[in-house]
>>> print(open('upload.cif').read())   # mmCIF, C-alpha atoms
data_upload
loop_
_atom_site.label_atom_id
_atom_site.label_comp_id
_atom_site.auth_asym_id
_atom_site.auth_seq_id
_atom_site.Cartn_x
_atom_site.Cartn_y
_atom_site.Cartn_z
CA MET A 914 136.62 31.87 94.01
CA LYS A 915 136.42 35.47 95.19
CA LYS A 916 135.58 38.33 92.89
CA ARG A 917 138.51 40.26 91.50
CA PHE A 918 139.15 43.62 89.98
CA THR A 919 141.11 43.32 86.79
CA ILE A 920 143.05 45.81 84.75
CA PRO A 921 144.55 45.27 81.30
CA ILE A 922 147.30 42.61 81.38
CA VAL A 923 147.61 42.69 85.18
CA MET A 924 145.12 41.13 87.59
CA VAL A 925 145.11 42.44 91.16
CA LEU A 926 143.45 40.50 93.98
CA LEU A 927 141.65 42.99 96.18
CA PHE A 928 140.42 41.25 99.24
CA SER A 929 143.53 39.38 100.28
CA GLN A 930 145.59 42.53 100.74
CA THR A 931 145.39 46.24 101.44
CA GLY A 932 146.59 48.92 99.08
CA CYS A 933 150.08 50.37 98.92
CA LEU A 934 149.41 53.01 101.57
CA LYS A 935 150.93 52.75 105.00
CA GLN A 936 148.58 51.45 107.67
CA GLY A 937 146.50 54.31 109.01
CA ASP A 938 147.03 56.72 106.09
CA VAL A 939 143.37 56.59 105.10
CA HIS A 940 140.95 56.48 108.00
CA TYR A 941 137.71 54.84 106.95
CA GLN A 942 136.38 53.21 110.12
CA GLN A 943 135.18 56.50 111.62
CA TRP A 944 133.50 59.37 109.80
CA PHE A 945 131.85 62.45 111.26
CA LEU A 946 128.89 64.26 109.75
CA VAL A 947 129.79 67.94 109.56
CA ASP A 948 126.57 69.40 108.21
CA THR A 949 123.69 69.13 105.78
CA VAL A 950 124.78 71.63 103.14
CA LEU A 951 121.96 71.66 100.60
CA THR A 952 118.37 70.42 100.64
CA SER A 953 115.50 70.53 98.18
CA ARG A 954 113.12 73.47 98.38
CA PRO A 955 109.47 72.36 98.27
CA ASP A 956 108.45 75.73 96.84
CA HIS A 957 111.21 75.92 94.20
CA PRO A 958 110.37 74.68 90.67
CA LEU A 959 113.99 73.69 90.04
CA ASP A 960 114.63 71.21 92.87
CA ASN A 961 111.45 70.60 94.88
CA VAL A 962 112.14 66.83 95.09
CA ALA A 963 115.89 66.31 95.52
CA VAL A 964 119.42 67.65 95.16
CA LYS A 965 122.20 65.22 94.20
CA ASP A 966 125.42 64.58 92.23
CA PRO A 967 127.50 67.45 93.71
CA SER A 968 130.66 69.00 92.28
CA ILE A 969 132.24 71.88 94.17
CA VAL A 970 135.28 74.17 94.11
CA PHE A 971 136.42 77.08 96.27
CA TYR A 972 137.60 79.99 94.13
CA ASP A 973 137.95 83.75 94.56
CA GLY A 974 136.36 83.76 98.01
CA ASN A 975 133.32 81.61 97.19
CA TYR A 976 132.24 78.00 97.08
CA HIS A 977 130.80 77.20 93.66
CA LEU A 978 128.44 74.24 93.77
CA PHE A 979 126.98 72.48 90.74
CA TYR A 980 124.49 69.66 91.24
CA THR A 981 121.65 67.66 89.72
CA ALA A 982 118.24 69.07 90.61
CA LYS A 983 115.07 66.96 90.58
CA SER A 984 111.57 68.40 90.52
CA VAL A 985 107.96 67.39 89.98
CA THR A 986 104.87 69.12 88.60
CA PHE A 987 101.37 67.73 88.26
CA ARG A 988 99.00 67.55 85.34
CA GLY A 989 95.87 66.67 87.18
CA GLU A 990 96.92 63.79 89.41
CA GLU A 991 99.77 62.63 87.15
CA PRO A 992 103.27 63.58 88.32
CA GLN A 993 105.71 64.90 85.73
CA TYR A 994 109.34 64.56 86.88
CA SER A 995 112.14 66.76 85.59
CA ILE A 996 115.91 66.73 85.98
CA ALA A 997 118.39 69.56 85.43
CA CYS A 998 121.78 70.94 86.45
CA ALA A 999 121.74 73.75 89.01
CA TYR A 1000 124.32 76.18 90.41
CA ALA A 1001 124.67 78.08 93.69
CA SER A 1002 127.55 80.01 95.25
CA ALA A 1003 128.33 81.43 98.69
CA PRO A 1004 131.40 82.44 100.73
CA THR A 1005 130.80 79.63 103.27
CA LEU A 1006 129.29 76.17 103.05
CA ASP A 1007 126.58 76.96 105.58
CA ARG A 1008 125.28 79.77 103.36
CA LEU A 1009 124.88 77.66 100.22
CA ASN A 1010 121.42 76.42 101.20
CA GLY A 1011 120.08 79.96 101.30
CA ALA A 1012 121.84 81.13 98.15
CA GLU A 1013 120.06 81.80 94.87
CA ARG A 1014 119.82 78.73 92.63
CA TYR A 1015 120.28 78.94 88.86
CA CYS A 1016 119.31 76.48 86.13
CA ILE A 1017 122.24 75.64 83.84
CA ASP A 1018 120.11 73.68 81.33
CA SER A 1019 118.48 76.81 79.99
CA ILE A 1020 121.93 78.07 79.03
CA ALA A 1021 123.22 74.69 77.83
CA GLY A 1022 120.32 74.15 75.45
CA ARG A 1023 119.86 70.57 76.64
CA VAL A 1024 119.49 68.45 79.75
CA VAL A 1025 122.66 68.47 81.90
CA ILE A 1026 123.13 65.71 84.49
CA ALA A 1027 125.85 64.78 87.03
CA PRO A 1028 128.20 67.77 86.61
CA GLN A 1029 131.93 68.00 87.26
CA ILE A 1030 133.57 71.42 87.56
CA PHE A 1031 137.25 72.39 87.14
CA CYS A 1032 139.47 75.03 85.58
CA PHE A 1033 141.53 73.76 82.63
CA GLU A 1034 144.60 75.91 83.12
CA PRO A 1035 146.23 75.40 79.68
CA GLN A 1036 143.23 77.20 78.15
CA GLN A 1037 142.34 79.40 81.15
CA LEU A 1038 138.75 78.17 80.87
CA TRP A 1039 136.31 76.67 83.32
CA TYR A 1040 134.88 73.35 82.16
CA LEU A 1041 131.61 71.78 83.18
CA ILE A 1042 131.59 68.09 82.27
CA ALA A 1043 128.32 66.16 82.43
CA HIS A 1044 126.11 63.74 80.53
CA THR A 1045 122.91 64.27 78.60
CA SER A 1046 120.23 62.13 77.01
CA VAL A 1047 120.58 61.54 73.29
CA ARG A 1048 116.81 61.36 72.99
CA ASP A 1049 114.68 63.63 75.15
CA GLY A 1050 113.66 61.91 78.35
CA ASP A 1051 115.49 58.66 77.57
CA LEU A 1052 118.39 58.21 80.00
CA SER A 1053 119.20 54.73 78.71
CA VAL A 1054 121.14 56.39 75.86
CA ILE A 1055 123.42 59.23 76.97
CA LYS A 1056 126.50 61.12 75.81
CA PRO A 1057 129.29 63.05 77.58
CA ILE A 1058 129.09 66.82 77.13
CA TYR A 1059 131.08 69.91 78.08
CA MET A 1060 130.48 73.63 78.53
CA THR A 1061 133.10 76.36 79.04
CA ASN A 1062 133.19 79.71 80.80
CA LYS A 1063 135.88 82.34 81.32
CA ASP A 1064 134.41 83.38 84.67
CA ILE A 1065 132.84 80.76 86.95
CA SER A 1066 130.85 83.41 88.81
CA ASP A 1067 129.17 84.59 85.58
CA VAL A 1068 126.20 82.25 85.28
CA SER A 1069 125.26 83.58 81.85
CA GLY A 1070 128.82 83.13 80.58
CA TRP A 1071 128.55 79.39 79.92
CA THR A 1072 128.65 78.22 76.32
CA LYS A 1073 126.07 75.91 74.81
CA ALA A 1074 126.72 72.27 75.66
CA LYS A 1075 128.76 70.28 73.13
CA VAL A 1076 129.10 66.52 72.88
CA ILE A 1077 132.61 65.23 73.66
CA PRO A 1078 133.73 63.17 70.65
CA THR A 1079 135.19 59.77 71.56
CA GLY A 1080 136.39 56.61 69.86
CA LYS A 1081 133.63 54.55 71.51
CA ARG A 1082 131.81 52.81 68.67
CA ASP A 1083 129.47 50.35 70.39
CA ASN A 1084 126.12 50.92 72.07
CA THR A 1085 127.06 49.73 75.55
CA PHE A 1086 125.80 51.84 78.43
CA TRP A 1087 128.08 54.48 79.99
CA ILE A 1088 127.46 57.04 82.72
CA ASP A 1089 129.04 59.56 85.13
CA PHE A 1090 131.99 60.94 83.16
CA TRP A 1091 135.00 62.12 85.15
CA MET A 1092 137.97 64.11 83.86
CA ILE A 1093 141.42 64.24 85.44
CA CYS A 1094 144.78 65.21 83.93
CA ASP A 1095 148.44 64.61 84.63
CA ASP A 1096 151.27 66.61 83.05
CA ARG A 1097 150.84 65.02 79.61
CA MET A 1098 147.39 63.58 79.16
CA ALA A 1099 143.74 64.10 79.97
CA TYR A 1100 141.78 61.03 81.04
CA MET A 1101 138.04 60.47 81.00
CA PHE A 1102 136.73 57.71 83.24
CA TYR A 1103 133.17 56.37 83.34
CA GLY A 1104 131.13 53.48 84.70
CA ASP A 1105 128.94 50.92 82.93
CA GLN A 1106 126.72 50.00 85.93
CA LYS A 1107 127.85 46.38 85.51
CA GLY A 1108 130.99 46.42 87.64
CA SER A 1109 133.53 48.02 85.30
CA VAL A 1110 135.26 51.39 85.00
CA LEU A 1111 136.55 52.36 81.57
CA ARG A 1112 139.04 55.01 80.49
CA LEU A 1113 139.68 57.17 77.43
CA GLU A 1114 142.57 59.60 76.96
CA SER A 1115 143.52 62.74 75.06
CA PRO A 1116 146.76 64.73 74.75
CA LEU A 1117 146.50 67.91 76.81
CA ASP A 1118 147.00 70.13 73.78
CA LYS A 1119 144.03 68.48 72.02
CA PHE A 1120 141.62 68.55 74.97
CA PRO A 1121 138.70 67.91 74.77
CA GLU A 1122 138.49 67.01 71.08
CA GLY A 1123 141.40 64.55 71.40
CA PHE A 1124 139.18 61.86 72.90
CA ALA A 1125 137.81 61.28 69.38
CA SER A 1126 140.81 59.10 68.53
CA SER A 1127 140.74 57.13 71.81
CA GLU A 1128 138.96 53.81 72.20
CA PRO A 1129 137.76 52.83 75.69
CA GLU A 1130 140.05 50.63 77.76
CA ILE A 1131 139.05 48.78 80.91
CA ALA A 1132 140.63 50.50 83.89
CA LEU A 1133 139.26 47.98 86.39
CA THR A 1134 136.42 45.50 86.51
CA GLU A 1135 134.76 42.87 88.64
CA SER A 1136 135.15 39.22 87.69
CA GLY A 1137 134.83 35.89 89.43
CA ASP A 1138 132.69 32.82 89.78
CA SER A 1139 130.76 33.48 92.99
CA PRO A 1140 128.42 36.46 93.29
CA MET A 1141 128.75 39.07 96.02
CA PRO A 1142 125.80 40.81 97.67
CA TRP A 1143 126.98 44.16 96.25
CA ARG A 1144 128.21 45.56 92.96
CA MET A 1145 130.60 48.31 91.96
CA PHE A 1146 128.05 50.58 90.33
CA GLU A 1147 128.89 54.09 89.05
CA ALA A 1148 130.23 57.57 89.97
CA VAL A 1149 133.99 56.90 89.85
CA HIS A 1150 135.78 60.04 91.08
CA ILE A 1151 139.58 60.23 91.05
CA TYR A 1152 141.92 62.70 92.76
CA HIS A 1153 145.67 63.33 92.89
CA VAL A 1154 147.02 63.15 96.45
CA LYS A 1155 149.87 65.65 96.61
CA SER A 1156 151.42 64.40 99.87
CA ASP A 1157 152.61 61.09 98.38
CA ASP A 1158 152.00 61.61 94.62
CA LYS A 1159 149.36 58.89 94.30
CA TYR A 1160 145.87 58.75 92.87
CA LEU A 1161 142.83 58.06 95.02
CA ALA A 1162 139.72 56.63 93.36
CA LEU A 1163 136.33 56.78 95.05
CA LEU A 1164 134.05 54.12 93.57
CA GLU A 1165 130.35 53.90 94.29
CA GLY A 1166 129.07 50.45 95.24
CA ALA A 1167 125.56 49.31 96.02
CA TYR A 1168 123.68 46.31 97.36
CA GLN A 1169 120.90 44.57 95.49
CA ASN A 1170 117.30 45.53 96.25
CA PRO A 1171 115.96 42.59 98.29
CA ALA A 1172 112.51 42.98 96.78
CA VAL A 1173 113.36 43.59 93.11
CA HIS A 1174 115.55 41.08 91.28
CA TYR A 1175 118.59 42.56 89.51
CA GLN A 1176 117.85 46.08 90.74
CA ILE A 1177 120.40 48.12 92.67
CA ASP A 1178 119.12 49.33 96.03
CA SER A 1179 119.47 53.11 95.96
CA ARG A 1180 118.78 53.20 99.71
CA ASN A 1181 121.99 51.31 100.43
CA ARG A 1182 125.07 52.60 98.64
CA PHE A 1183 128.66 53.12 99.82
CA ILE A 1184 132.12 54.14 98.59
CA LEU A 1185 135.08 51.87 97.95
CA GLY A 1186 138.60 53.30 97.87
CA MET A 1187 141.45 52.40 95.54
CA VAL A 1188 144.91 53.86 94.96
CA ALA A 1189 147.38 53.82 92.08
CA ASP A 1190 150.76 55.32 91.23
CA SER A 1191 149.47 56.65 87.90
CA LEU A 1192 146.19 57.18 86.09
CA ASN A 1193 146.96 54.08 84.04
CA GLY A 1194 146.79 51.91 87.19
CA ALA A 1195 147.35 49.38 88.58
CA TRP A 1196 144.59 50.10 91.14
CA ARG A 1197 144.77 48.59 94.62
CA ARG A 1198 141.99 48.38 97.16
CA ILE A 1199 142.47 50.43 100.34
CA GLU A 1200 140.19 48.45 102.62
CA ALA A 1201 141.48 45.33 104.31
CA ALA A 1202 138.40 43.16 103.85
CA GLU A 1203 135.67 42.53 101.30
CA ASP A 1204 132.92 43.88 103.56
CA GLN A 1205 134.76 47.06 104.61
CA PHE A 1206 134.29 50.28 102.66
CA LEU A 1207 136.06 53.63 102.56
CA ALA A 1208 132.88 55.63 103.22
CA ASP A 1209 129.87 53.82 104.62
CA ALA A 1210 126.83 55.05 106.55
CA ASN A 1211 127.50 52.33 109.13
CA ASN A 1212 130.68 54.20 110.12
CA LEU A 1213 129.10 57.66 110.04
CA SER A 1214 128.20 59.44 113.27
CA TYR A 1215 127.85 62.86 114.80
CA ARG A 1216 130.77 64.22 116.83
CA ASP A 1217 129.08 63.14 120.07
CA GLY A 1218 129.10 59.54 118.86
CA SER A 1219 125.37 59.28 118.08
CA LYS A 1220 124.35 57.70 114.80
CA THR A 1221 122.96 59.71 111.91
CA PRO A 1222 119.67 58.76 110.24
CA PHE A 1223 121.31 58.36 106.84
CA THR A 1224 121.57 54.88 105.33
CA GLN A 1225 124.03 55.42 102.50
CA VAL A 1226 126.94 57.44 101.14
CA SER A 1227 126.87 57.93 97.38
CA HIS A 1228 128.13 60.10 94.48
CA PRO A 1229 131.15 61.44 96.42
CA GLU A 1230 133.02 64.67 95.73
CA LEU A 1231 136.05 65.73 97.75
CA ILE A 1232 136.60 69.38 98.59
CA ARG A 1233 139.89 69.95 96.79
CA SER A 1234 142.91 72.05 97.68
CA GLY A 1235 142.73 73.70 94.25
CA CYS A 1236 140.36 73.87 91.33
CA ASN A 1237 142.37 72.88 88.25
CA GLN A 1238 142.31 69.86 85.95
CA LYS A 1239 144.63 67.80 88.17
CA MET A 1240 141.86 67.33 90.77
CA GLU A 1241 144.29 67.72 93.68
CA ILE A 1242 143.86 67.12 97.40
CA GLU A 1243 146.61 67.70 99.95
CA ASP A 1244 146.52 64.39 101.85
CA TYR A 1245 144.18 61.71 103.19
CA LYS A 1246 142.35 63.97 105.60
CA LEU A 1247 139.19 63.95 103.55
CA ARG A 1248 136.27 66.37 103.40
CA LEU A 1249 133.75 64.37 101.45
CA PHE A 1250 130.61 65.82 99.90
CA PHE A 1251 127.93 63.17 99.34
CA GLN A 1252 124.24 62.58 98.69
CA SER A 1253 121.96 60.61 101.01
CA PHE A 1254 118.63 60.30 102.79
CA ASP A 1255 116.98 58.20 105.49
CA GLY A 1256 116.36 54.94 103.65
CA THR A 1257 114.47 53.39 106.54
CA GLN A 1258 111.51 55.56 105.53
CA ILE A 1259 111.57 54.37 101.91
CA PRO A 1260 109.67 51.16 100.95
CA ASP A 1261 111.22 48.36 98.86
CA THR A 1262 108.97 49.31 95.94
CA TYR A 1263 110.12 52.94 95.86
CA ASN A 1264 109.93 55.20 92.82
CA TYR A 1265 113.48 56.35 92.06
CA ASN A 1266 112.20 59.75 90.89
CA GLU A 1267 110.80 60.44 94.35
CA LEU A 1268 113.91 59.69 96.44
CA PRO A 1269 114.60 62.72 98.70
CA TRP A 1270 118.36 63.17 98.21
CA LYS A 1271 120.18 65.80 100.27
CA LEU A 1272 123.79 66.99 100.00
CA MET A 1273 125.98 66.65 103.08
CA LEU A 1274 129.58 66.91 104.20
CA MET A 1275 131.52 64.31 106.20
CA LYS A 1276 135.12 64.16 107.46
CA ASN A 1277 137.38 61.29 108.46
CA TYR A 1278 139.36 63.31 111.01
#
>>> encode(input="upload.cif", output="structure tokens")
Amino acid sequence: MKKRFTIPIVMVLLFSQTGCLKQGDVHYQQWFLVDTVLTSRPDHPLDNVAVKDPSIVFYDGNYHLFYTAKSVTFRGEEPQYSIACAYASAPTLDRLNGAERYCIDSIAGRVVIAPQIFCFEPQQLWYLIAHTSVRDGDLSVIKPIYMTNKDISDVSGWTKAKVIPTGKRDNTFWIDFWMICDDRMAYMFYGDQKGSVLRLESPLDKFPEGFASSEPEIALTESGDSPMPWRMFEAVHIYHVKSDDKYLALLEGAYQNPAVHYQIDSRNRFILGMVADSLNGAWRRIEAAEDQFLADANNLSYRDGSKTPFTQVSHPELIRSGCNQKMEIEDYKLRLFFQSFDGTQIPDTYNYNELPWKLMLMKNY
């Protein structure tokens, strides 16, 4: 029996059919690397190891990029790893790497990880959604948080981070919180790193406190009797496609580490694509076969046809047509921000804290 993705009440077989899009609407068999947009700075105390988890908007003549920064310091010979949220802005993508980088954590008053940026128009406020550790340094127990700002270009204008109240009452793991709204409701999606995506909701006029009365519901999940070599993992990002009024979900998948039992291989991740008519589902797989993926390093090349050195595509963020809470893109011509590195240079027994993530841009047209 093949694995399935399930949603409440309805079960949708993925691998025996494509999604509801017309053939050729979403091109996933050929991607082109546009540029490496942001890299770590060996001499910078904020991100001297890696840059990852991008969220970006274009507003008022500038790209505004928020990302997770990883750094290391040494006490004698012992490395001390740190993680934080950073911000940079520039009028063009190719100038982001040279732009000044700011630490958001010092303003937030706590660790900020995996940011999402958007303007919530009903309140005329910028929101930064992220997660934080409940106990310092312990990322096995995290909570969703938010910060607000009246002016995205004013780095000092962010409020202290506040925990988003939800109706989740158990201690199950959750990660990578993603907000998207329609005309009535706000939805918060997240992953559990076990093959499921869950959803909470809030009325728009009660955002973000309205999630306190919402209990998590399964949006989609893996099930089945025979294991696959990969797992739907985390970083679910969802966008509204204006051209045909559908929702496009980008879901991060990953293979198992061949050397470490039950460990995801962070050198080998990819993006699945799903579509739905509403944010309540049902979600349908875009790709025609189980071993095909929307965004995969195997289908990534330079414009001249030569292969890139990168071995994965993970934590995707589309460059949107706007910057509001509806997370809109015009159509299926995708400009996809992602994190990656050359995994062929990383041993099976790698230290996750040392992985040299970079931020890059790829296009499917």
>>> atom_distance(input="upload.cif", atom1="atom CA of A:Val1226", atom2="atom CA of A:Lys1239")
24.3 Å
>>> resolve_selection(input="upload.cif", expression="the PyMOL selection byres ((chain A and resi 1111) around 12)", output="ChimeraX atom specification")
/A:919-921,1081,1085-1091,1100-1110,1112-1114,1127-1135,1147-1149,1192-1194
>>> resolve_selection(input="upload.cif", expression="the PyMOL selection byres ((chain A and resi 1058) around 6)", output="ChimeraX atom specification")
/A:1042-1044,1057,1059,1075-1077
>>> residues_around(input="upload.cif", residues="stretch 1120-1126 of chain A", least_positions_apart="3", cutoff="6 Å", atoms="only C-alpha atoms", output="PyMOL selection string")
chain A and resi 1078-1080+1114-1115+1117
>>> residues_around(input="upload.cif", residues="A:Ser1069", least_positions_apart="6", cutoff="9 Å", atoms="all atoms listed in the file", output="JSON, numbers by chain")
{"A": [1017, 1020, 1062]}
>>> resolve_selection(input="upload.cif", expression="the PyMOL selection byres ((chain A and resi 1229) around 12)", output="ChimeraX atom specification")
/A:965-969,980,1027,1029,1089,1091,1147-1152,1162-1166,1182-1186,1207-1209,1225-1228,1230-1232,1247-1253,1272-1275
>>> atom_distance(input="upload.cif", atom1="atom CA of A:Cys1016", atom2="atom CA of A:Ile996")
10.3 Å
>>> atom_distance(input="upload.cif", atom1="atom CA of A:Asn1277", atom2="atom CA of A:Leu978")
21.5 Å
>>> closest_residue(input="upload.cif", among="A:Ala1172, A:Val1068, A:Ile1093, A:Val1154", to="A:Asp1190", atoms="all atoms listed in the file")
A:Val1154
>>> axis_aligned_box(input="upload.cif", around="stretch 1122-1127 of chain A", padding_each_side="4 Å", output="lines of an AutoDock Vina configuration file")
center_x = 139.6
center_y = 62.1
center_z = 70.7
size_x = 11.6
size_y = 17.9
size_z = 12.4
>>> closest_residue(input="upload.cif", among="A:Asp1255, A:Glu1200, A:Glu1034, A:Asp1096", to="A:Phe1223", atoms="all atoms listed in the file")
A:Asp1255
>>> closest_residue(input="upload.cif", among="A:Ile1065, A:Ala1210, A:Ala1003, A:Val985", to="A:Tyr941", atoms="all atoms listed in the file")
A:Ala1210
>>> residues_around(input="upload.cif", residues="A:Ala1001", least_positions_apart="4", cutoff="9 Å", atoms="all atoms listed in the file", output="list in words")
Tyr976, His977, Leu978, Phe979, Tyr980, Leu1009, Asn1010, Ala1012, Glu1013, Arg1014 and Tyr1015 of chain A
>>> write_last_selection(input="upload.cif", atoms="C-alpha atoms", output="PDB file, in the coordinates of the input")
ATOM      1  CA  TYR A 976     132.240  78.000  97.080  1.00  0.00           C
ATOM      2  CA  HIS A 977     130.800  77.200  93.660  1.00  0.00           C
ATOM      3  CA  LEU A 978     128.440  74.240  93.770  1.00  0.00           C
ATOM      4  CA  PHE A 979     126.980  72.480  90.740  1.00  0.00           C
ATOM      5  CA  TYR A 980     124.490  69.660  91.240  1.00  0.00           C
ATOM      6  CA  LEU A1009     124.880  77.660 100.220  1.00  0.00           C
ATOM      7  CA  ASN A1010     121.420  76.420 101.200  1.00  0.00           C
ATOM      8  CA  ALA A1012     121.840  81.130  98.150  1.00  0.00           C
ATOM      9  CA  GLU A1013     120.060  81.800  94.870  1.00  0.00           C
ATOM     10  CA  ARG A1014     119.820  78.730  92.630  1.00  0.00           C
ATOM     11  CA  TYR A1015     120.280  78.940  88.860  1.00  0.00           C
TER      12      TYR A1015
END
>>> closest_residue(input="upload.cif", among="A:Leu1038, A:Thr1224, A:Arg1008, A:Met1145", to="A:Asn1211", atoms="all atoms listed in the file")
A:Thr1224
>>> closest_residue(input="upload.cif", among="A:Pro1142, A:Thr986, A:Arg1233, A:Thr1061", to="A:Asp956", atoms="all atoms listed in the file")
A:Thr986
>>> closest_residue(input="upload.cif", among="A:Lys1220, A:Ser984, A:Asn1212, A:Gln1205", to="A:Gln943", atoms="all atoms listed in the file")
A:Asn1212
